[in-house]
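Have a look at the structure below before the remarks.
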Amino acid sequence: MVTNATSLGRSGLFDWLVQRFSALVLLAYAICILGSLALTPDLEYESWRAQFDMPAMRIFSLIALLSLCAHAWVGIWTVTTDYLNEAQLGRAGTLIRLLAQTVCALLTLIYLFWGIRIFWGG
Amino acid sequence: MSGFRTISFDAIIVGGGGAGMRAALQLAQSGFRTAVLSKVFPTRSHTVSAQGGITCAIGSADPEDDWRWHMYDTVKGSDYIGDQDAIEYMCMEGPQTVYELEHMGLPFSRTASGRIYQRPFGGQSKNYGKGGQAARTCAAADRTGHALLHALYQGNLKNDTVFLNEWYVVDLVKNQDGAVIGVTAINIEDGEACFVQAAATVLATGGAGRIYASTTNALINTGDGVGMCLRAGFPAQDMEMWQFHPTGIHGAGTLVTEGCRGEGGYLINKDGERFMERYAPNAKDLAGRDVVARSMVLEVLEGRGCGEHGDHVMLKLDHLGADVLNSKLPGILELSRTFAQVDPVKEPIPVVPTCHYMMGGIPTNIHGQALTRDSAGSDELVPGLFAAGEAACVSVHGANRLGGNSLLDLVVFGRAAGKHIEELLQQGMQHRNAASADIELAMARLRRLDESSEGEGVAALRSELQDIMQLHFGVFRTGEFMREGVEKLSALGQRIENAYLADKSKAFNTARIEALELENLFAVAAATATAAEGRTESRGAHARDDFRDRDDDNWLCHSLYFPAEKKIGKREVNFKPNIVDTFEPRERTY
Amino acid sequence: MLVSIYRYNPEQDEKPVMQNIDVDVPADRDLMVLDVLELAKARDPSIAYRRSCREGVCGSDGMNINGVNGLACITPISKAAGPGRKLVLRPLPGLPVIRDLVVDLSGFYRQFEKVKPYLINDAPPPAIERLQSPEDREKLDGLYECILCACCSTACPSFWWNPDKFIGPAGLLQAYRFLADSRDTASAARLAALDDPFSVFRCRGIMNCVAVCPKGLNPTRAIGHIRSMLLQQGT
Amino acid sequence: MNCDCHARLLRIYSRRLRKQASIGKVKTSRPINLNLFSIKWPVTALVSIAHRVSGILLFLATALLLYLLDLSLQSEAGFRQAADLLASPAASFLIWLVVVALLYHLIAGSRHLLMDIGIGESWRAGKFAATAVIVFSLIGAILAGFWLW
């Protein structure tokens, strides 16, 4: 069996499930936000702020944020292991992949903390 | 050994088709160092093209079925020159070998009760010809050969058989005692020539249908095993006996299984008449293949052929309905749509008799041991040499093979050869040593090609050979015309000896392989021509205009072609089965 | 007809080149691509390609024909190139080229062997065949017909990027062929060996395999079935 | 020697033999035919590759979206600032691109989710669904344009 330290769950099924569930959450969240934006053409700060201050929405946003990070990581991991490997780049492949994965992981973490600050920062 | 790498095994099998892989499986299971040398990846072997099934009395369609009835049919089908000890062994061992294949995973079609599905095939009867049509051919839809070959390859993978794939065996290596001690072979990928040494060498190289211009055979069926034997001075048996399959797709030569007629399809001429009712009132379209093929040619010759040139007949299937065709004959639908641009669900398929199977080959006993003649004219074993499958002539098919018996032949006798070699190895059969000179001799052919600087190209010579065979040694033969053919062949032979190989490169040089194959094709063709001209009677697939009757007084025997003298001799047919009574020759009607 | 063939002979060429050959094709009938290749080879015997049955059941002559993987012997030139157009023949993509149109398939076969492509049933076999209902047998239709031509796997980007880790459509179709066989008893072990992020899950469902399979088989669906079985077992 | 052990030894031996037999010229530096422009891509593949590309774009664009969200939620002034930013042609075009990528990713992703439950796995249905993804995405892109401008 092929294992990989940098995959999310180290099992294909786990990663696959994470990607599917997070996709469903993100689909719902996107419909929610895009829908509300489309339905309110003259958006004001107060109602915009109030929308994100609702407790249910704060939890939904957090779940969506976590889903986004997990979904993105599984995707990024797949993409980097596809193109940035030894079969494509020769010996340096692993190193390049690790570098790229580190950058993406940092970015994902930044998104996560930034998002938490936005939704729960006060 | 000067310059050549030597690889050593207990046993080597040349050919990765059904017979070869069944033999290899037997030996790998018992732990002997076995290698299969195959010029193509094993699942590309011609066994893959077998469609209809494997005939064997497992009693699924009819619980009363008896292997003795199968034996009777086979003896009769062979026009009485099949060896009855071998036929008895095949029909008796058959069920066990088929069950083994099923246990290995072969995905047979099934009956409602979960048993293997059996369909009627030509020449099958119940109760020694007195009980009407039998259904005895075990089938995996119309892809039985494919399913069988893949199951055998899978079985070999499971048992860690060593495969030397895309290795082309060039010649047998004999020592001074006339024993076969291995082969010379080329690794096609890099062109390296090696000596592969073995205590036992099994030739399972299949048929040589490519000696004819129109054949159902794969492009790889070039008679390499028979060619090697003839070059090594060993005789070949019954080489005049070539089966023309009644239903090859007109123009393309692609096979349309007899299973089509087994499932209820039938042949019609241009008037829409089901003409087989005239030629074989009882069995009709399921008479022996030789009978059906000849009837078709007669229809065409008498002006009742179909098409613009009136040169073929039609196989009608549409009355069976789309459901039956889709479930039982899906491959035929595919092939007809591709190669005849015809949809069998709606229209009949244009068919002609097409060269299909070599009944003759390397004479062997039922253990697969190759036979030659000693100076006193009696059988003698060739030490170290075995053969199985279409390359061998054991002989269970005699002058005409019944449909579904080829797959049975190759698994039964592949297995038998494997078992016998197993015994011999356990008893301590050893490698025999080779002298450098022995190997050098076997490498001579390679050297000649590498040194060739001018001459004719392989492709043109090959098609000339195929045209001569098609014209002079086809479904109907006459003495005068055949003698003309023999002369043309001998002239062609000299040109082939001087064939020119322009491309001398090493890596995957298919031109070199084709040049080597051409010599095998020619060797087989020469044997066929001589044997056909020599057998002055009509029997089974061998039908002569100048000798229209079967001549049991003179020719109830095998022919044996001796390459050194380029002459044929006679060999007795075995009429001594071990358990049942002999089936005496009778007039053969269907 | 103008035929453009990928040529590479390791003993002479640094790099592969596309060679244009003008082949005389009879106008009265629609040849298969393999027929055209044979005509070209009669003129230039150094062209290398594999072929055997010439009727689409042995799987030897898989190649890339005008951008689409297929078997040369059952692809009519009318369909491959169309009237008056050039026929472009390249080796199967993504595998090392041994010579001309011949690729090294050993990696492809290794992936096939990885799935243990043989029936496993350690129970002593009965004296006759193992029984199997027609319904259970029907589950193998669309699976056992695979001819290992490699058209699918070499059309699959996931297989190009990770040829050593992703089993590829052909191997996975075979994996499911044994998972689906009512006579096989090793499902649990088979599934356990597939539950990593690469072997099965590299399939992105792009269906290139389905698009090119010369036998009309559907590896994407088989892979979906494997995933469902993994899901059932893993949750 | 027991049977298992014997079988294992045999297996090892046969691997070695296989390897031995394949020793020949060193097979490095063989070319690989992988010119992506010489390959004809079926519509299902194009839709899937675009899904990947849009995913990567969205991963990068998340920074922009989070920035805008953060800004707009900070204060009345921040909200104005964000709204002004969006009013500039360049930024609104960028946002349109991101929205199109998002819509596409959602639609194409939904097709994958459907395939996961066995819908659209046949070749015919797969082609149809892939074409539908393109059509819906085009409609989405036009609607998004109307909405933004």
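In the structure tokens, the first chain shown is A, the next is B, and so on; residue numbers restart at 1 for each chain, and ligands run from 1 in the order shown.
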Select from chain B every residue with an atom at most 10 Å from any atom of chain D, then for each give the shortest pair of atoms and their distance in Å to one decimal, using only C-alpha atoms, rows by chain and rising number, as CSV.
```
residue,atom,partner,partner_atom,distance
B:Arg5,CA,D:Ala21,CA,9.9
B:Ile7,CA,D:Ala21,CA,7.8
B:Ser8,CA,D:Leu17,CA,9.6
B:Phe9,CA,D:Leu17,CA,9.6
B:Ala28,CA,D:Leu10,CA,9.2
B:Gln29,CA,D:Ala7,CA,9.2
B:Ser30,CA,D:Ala7,CA,9.6
B:Gly31,CA,D:Leu10,CA,6.9
B:Phe32,CA,D:Leu10,CA,8.6
B:Arg33,CA,D:Ser14,CA,7.7
B:Thr34,CA,D:Ser14,CA,8.8
B:Ala35,CA,D:Ser14,CA,9.1
B:Asn159,CA,D:Arg11,CA,8.3
B:Asp160,CA,D:Arg11,CA,6.1
B:Thr161,CA,D:Ser14,CA,7.1
B:Val162,CA,D:Ser14,CA,5.9
B:Phe163,CA,D:Arg18,CA,7.1
B:Leu164,CA,D:Ala21,CA,7.0
B:Asn165,CA,D:Ser22,CA,9.5
B:Asn187,CA,D:Ser22,CA,8.4
B:Glu189,CA,D:Gly24,CA,8.7
B:Asp190,CA,D:Gly24,CA,6.6
B:Gly191,CA,D:Gly24,CA,8.9
B:Glu192,CA,D:Gly24,CA,7.4
B:Cys194,CA,D:Ala21,CA,9.9
B:Ala507,CA,D:Lys25,CA,9.4
```
Show which residues sit within 12 Å of Gly78 of chain D, as a PyMOL selection string. Count only C-alpha atoms, and ignore same-chain residues fewer than 4 positions away. (chain A and resi 44-46+49) or (chain D and resi 67-74+82-85)
For a quick test of understanding: name the residues of chain C lying within 7 Å of chain D when counting only C-alpha atoms, and present them as an mmCIF file with N, CA, C and O atoms, in the first residue's frame.
```
data_model
loop_
_atom_site.group_PDB
_atom_site.id
_atom_site.type_symbol
_atom_site.label_atom_id
_atom_site.label_comp_id
_atom_site.auth_asym_id
_atom_site.auth_seq_id
_atom_site.Cartn_x
_atom_site.Cartn_y
_atom_site.Cartn_z
ATOM 1 N N GLY C 67 -4.452 11.489 -31.947
ATOM 2 C CA GLY C 67 -4.745 12.086 -30.646
ATOM 3 C C GLY C 67 -5.604 11.241 -29.734
ATOM 4 O O GLY C 67 -5.819 11.611 -28.584
ATOM 5 N N VAL C 68 -6.114 10.105 -30.245
ATOM 6 C CA VAL C 68 -6.971 9.272 -29.406
ATOM 7 C C VAL C 68 -6.386 7.874 -29.298
ATOM 8 O O VAL C 68 -6.037 7.261 -30.313
ATOM 9 N N PRO C 91 3.067 6.610 -30.186
ATOM 10 C CA PRO C 91 2.966 5.545 -29.187
ATOM 11 C C PRO C 91 2.013 5.958 -28.067
ATOM 12 O O PRO C 91 1.686 7.139 -27.927
ATOM 13 N N PRO C 93 0.652 7.337 -24.829
ATOM 14 C CA PRO C 93 1.278 8.416 -24.067
ATOM 15 C C PRO C 93 1.713 7.989 -22.662
ATOM 16 O O PRO C 93 1.098 7.120 -22.045
ATOM 17 N N GLY C 94 2.775 8.626 -22.212
ATOM 18 C CA GLY C 94 3.137 8.516 -20.800
ATOM 19 C C GLY C 94 4.035 7.354 -20.447
ATOM 20 O O GLY C 94 4.477 7.253 -19.302
ATOM 21 N N LEU C 95 4.309 6.449 -21.391
ATOM 22 C CA LEU C 95 5.187 5.330 -21.067
ATOM 23 C C LEU C 95 6.478 5.460 -21.880
ATOM 24 O O LEU C 95 6.463 5.997 -22.987
ATOM 25 N N PRO C 96 7.580 4.940 -21.316
ATOM 26 C CA PRO C 96 8.854 5.032 -22.044
ATOM 27 C C PRO C 96 8.767 4.311 -23.383
ATOM 28 O O PRO C 96 8.204 3.227 -23.473
ATOM 29 N N VAL C 97 9.323 4.934 -24.409
ATOM 30 C CA VAL C 97 9.264 4.351 -25.753
ATOM 31 C C VAL C 97 10.494 3.486 -25.982
ATOM 32 O O VAL C 97 11.629 3.947 -25.851
ATOM 33 N N ILE C 98 10.258 2.221 -26.313
ATOM 34 C CA ILE C 98 11.374 1.322 -26.621
ATOM 35 C C ILE C 98 11.866 1.615 -28.035
ATOM 36 O O ILE C 98 13.044 1.776 -28.285
ATOM 37 N N ILE C 206 -12.358 11.650 -14.644
ATOM 38 C CA ILE C 206 -12.394 12.454 -15.872
ATOM 39 C C ILE C 206 -12.843 11.636 -17.081
ATOM 40 O O ILE C 206 -13.066 12.160 -18.148
ATOM 41 N N MET C 207 -12.924 10.330 -16.913
ATOM 42 C CA MET C 207 -13.535 9.428 -17.910
ATOM 43 C C MET C 207 -12.767 9.298 -19.216
ATOM 44 O O MET C 207 -13.320 8.815 -20.202
ATOM 45 N N ASN C 208 -11.507 9.700 -19.246
ATOM 46 C CA ASN C 208 -10.723 9.445 -20.456
ATOM 47 C C ASN C 208 -10.674 7.956 -20.760
ATOM 48 O O ASN C 208 -10.679 7.539 -21.911
ATOM 49 N N VAL C 210 -12.956 5.677 -20.165
ATOM 50 C CA VAL C 210 -14.207 5.223 -20.772
ATOM 51 C C VAL C 210 -14.264 5.671 -22.230
ATOM 52 O O VAL C 210 -14.718 4.940 -23.108
ATOM 53 N N ALA C 211 -13.754 6.881 -22.461
ATOM 54 C CA ALA C 211 -13.818 7.431 -23.817
ATOM 55 C C ALA C 211 -13.020 6.591 -24.804
ATOM 56 O O ALA C 211 -13.403 6.474 -25.959
ATOM 57 N N THR C 220 -14.362 3.761 -14.975
ATOM 58 C CA THR C 220 -14.821 4.773 -14.016
ATOM 59 C C THR C 220 -15.900 4.191 -13.101
ATOM 60 O O THR C 220 -15.882 4.384 -11.888
ATOM 61 N N ARG C 221 -16.821 3.458 -13.716
ATOM 62 C CA ARG C 221 -17.890 2.864 -12.917
ATOM 63 C C ARG C 221 -17.326 1.807 -11.961
ATOM 64 O O ARG C 221 -17.713 1.760 -10.791
ATOM 65 N N GLY C 224 -15.867 3.461 -9.077
ATOM 66 C CA GLY C 224 -16.946 3.904 -8.192
ATOM 67 C C GLY C 224 -17.435 2.774 -7.300
ATOM 68 O O GLY C 224 -17.653 2.957 -6.097
#
```
Contacts of Leu112 of chain A at 8 Å or less, counting only C-alpha atoms, minus same-chain residues fewer than 5 places along, as a PyMOL selection string? chain A and resi 65-66+69
Counting only C-alpha atoms, which residues of chain A come no farther than 10 Å from chain D, as a PyMOL selection string? chain A and resi 20-21+23-24+26-27+30-31+34+37-38+41+43-46+48-50+52-53+68-69+71-73+75-76+78-79+104+107-108+110-111+114-115+117-119+122
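Taking atom CA of Tyr279 of chain B as the reference point, atom CA of Leu255 of chain B is found at 22.7 Å.
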With DSSP run on the backbone, what are the helix (DSSP H, G or I) residues within segment 292-435 of chain B? I'd like them as a PyMOL selection string. chain B and resi 292-301+318-328+330-340+389-391+405-426
Spatial neighbours of segment 10-19 of chain A, max dist 6 Å, only C-alpha atoms, sep filter under 6 positions, as a ChimeraX atom specification: /A:71 /C:195-197,201
Please report as an MDAnalysis selection string which residues of chain C come no farther than 10 Å from chain A, using only C-alpha atoms. chainID C and resid 114 157:166 192:202 227:228 230:231 234:235
Select all residues from chain B having any atom no more than 7 Å from an atom of chain C (counting only C-alpha atoms, ignoring ligands), output as an NGL selection string. :B and (43-44 or 46 or 48-49 or 99 or 102-105 or 109-115 or 154-155 or 158 or 218-220 or 254 or 338 or 459 or 503 or 508-511)
Mind checking DSSP for segment 122-364 of chain B and telling me the strand (DSSP E or B) residues as a VMD selection string? chain B and resid 122 to 125 133 to 138 162 to 165 167 to 174 180 to 187 192 to 203 215 236 to 237 242 to 249 255 266 to 268 306 312 to 316 349 to 358 361 to 364
Which residue is closest to Thr215 of chain B? Choose from B:Lys39, B:His356, B:His420, B:Lys488 and count only C-alpha atoms. B:His356
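Take atom CA of Tyr8 of chain C and atom CA of Leu101 of chain C: the distance between them is 8.3 Å.
A straight line drawn from atom CA of Leu325 of chain B to atom CA of Met276 of chain B is 22.1 Å long.
Within 12 Å of Ile139 of chain D, once only C-alpha atoms are used and residues closer than 5 positions along the same chain are dropped, the contacting residues are Val100, Leu103, Tyr104, Ile107, Ala132, Val133, Ile134, Ala144, Gly145 and Phe146 of chain D.
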For the residues in the current selection, export N, CA, C and O atoms as a JSON list (two decimals), in the first residue's frame.
```json
[["chain", "number", "residue", "atom", "x", "y", "z"],
["D", 100, "VAL", "N", -16.92, 33.74, -11.14],
["D", 100, "VAL", "CA", -17.09, 32.74, -12.21],
["D", 100, "VAL", "C", -16.38, 31.44, -11.83],
["D", 100, "VAL", "O", -16.92, 30.34, -11.96],
["D", 103, "LEU", "N", -18.46, 29.76, -9.18],
["D", 103, "LEU", "CA", -19.65, 29.12, -9.74],
["D", 103, "LEU", "C", -19.29, 27.85, -10.49],
["D", 103, "LEU", "O", -19.91, 26.80, -10.33],
["D", 104, "TYR", "N", -18.23, 27.97, -11.29],
["D", 104, "TYR", "CA", -17.81, 26.82, -12.08],
["D", 104, "TYR", "C", -17.40, 25.67, -11.17],
["D", 104, "TYR", "O", -17.80, 24.52, -11.36],
["D", 107, "ILE", "N", -20.46, 24.07, -9.68],
["D", 107, "ILE", "CA", -21.27, 23.29, -10.63],
["D", 107, "ILE", "C", -20.55, 22.00, -11.03],
["D", 107, "ILE", "O", -21.10, 20.90, -10.97],
["D", 132, "ALA", "N", -23.42, 19.90, -19.87],
["D", 132, "ALA", "CA", -24.34, 20.69, -19.04],
["D", 132, "ALA", "C", -23.57, 21.59, -18.09],
["D", 132, "ALA", "O", -23.96, 22.75, -17.86],
["D", 133, "VAL", "N", -22.46, 21.10, -17.53],
["D", 133, "VAL", "CA", -21.65, 21.92, -16.62],
["D", 133, "VAL", "C", -21.19, 23.18, -17.34],
["D", 133, "VAL", "O", -21.28, 24.29, -16.80],
["D", 134, "ILE", "N", -20.74, 23.00, -18.60],
["D", 134, "ILE", "CA", -20.26, 24.16, -19.35],
["D", 134, "ILE", "C", -21.40, 25.14, -19.59],
["D", 134, "ILE", "O", -21.26, 26.35, -19.38],
["D", 144, "ALA", "N", -23.69, 36.65, -13.37],
["D", 144, "ALA", "CA", -22.79, 37.31, -12.43],
["D", 144, "ALA", "C", -22.37, 38.67, -12.97],
["D", 144, "ALA", "O", -22.25, 39.65, -12.24],
["D", 145, "GLY", "N", -22.15, 38.72, -14.30],
["D", 145, "GLY", "CA", -21.79, 39.99, -14.92],
["D", 145, "GLY", "C", -22.89, 41.02, -14.76],
["D", 145, "GLY", "O", -22.65, 42.17, -14.36],
["D", 146, "PHE", "N", -24.14, 40.59, -15.01],
["D", 146, "PHE", "CA", -25.28, 41.50, -14.83],
["D", 146, "PHE", "C", -25.36, 42.00, -13.41],
["D", 146, "PHE", "O", -25.63, 43.16, -13.14]]
```
Find the residues around Tyr109 of chain C up to 10 Å (only C-alpha atoms counted), leave out those fewer than 6 positions away in its own chain, and share them as a PyMOL selection string. chain C and resi 148+150+167+170-171
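For the choices B:Gly414, B:Gly398, B:Gly3, B:Gly17, the atom-to-atom distance to Asp238 of chain B is smallest for B:Gly398 when using only C-alpha atoms.
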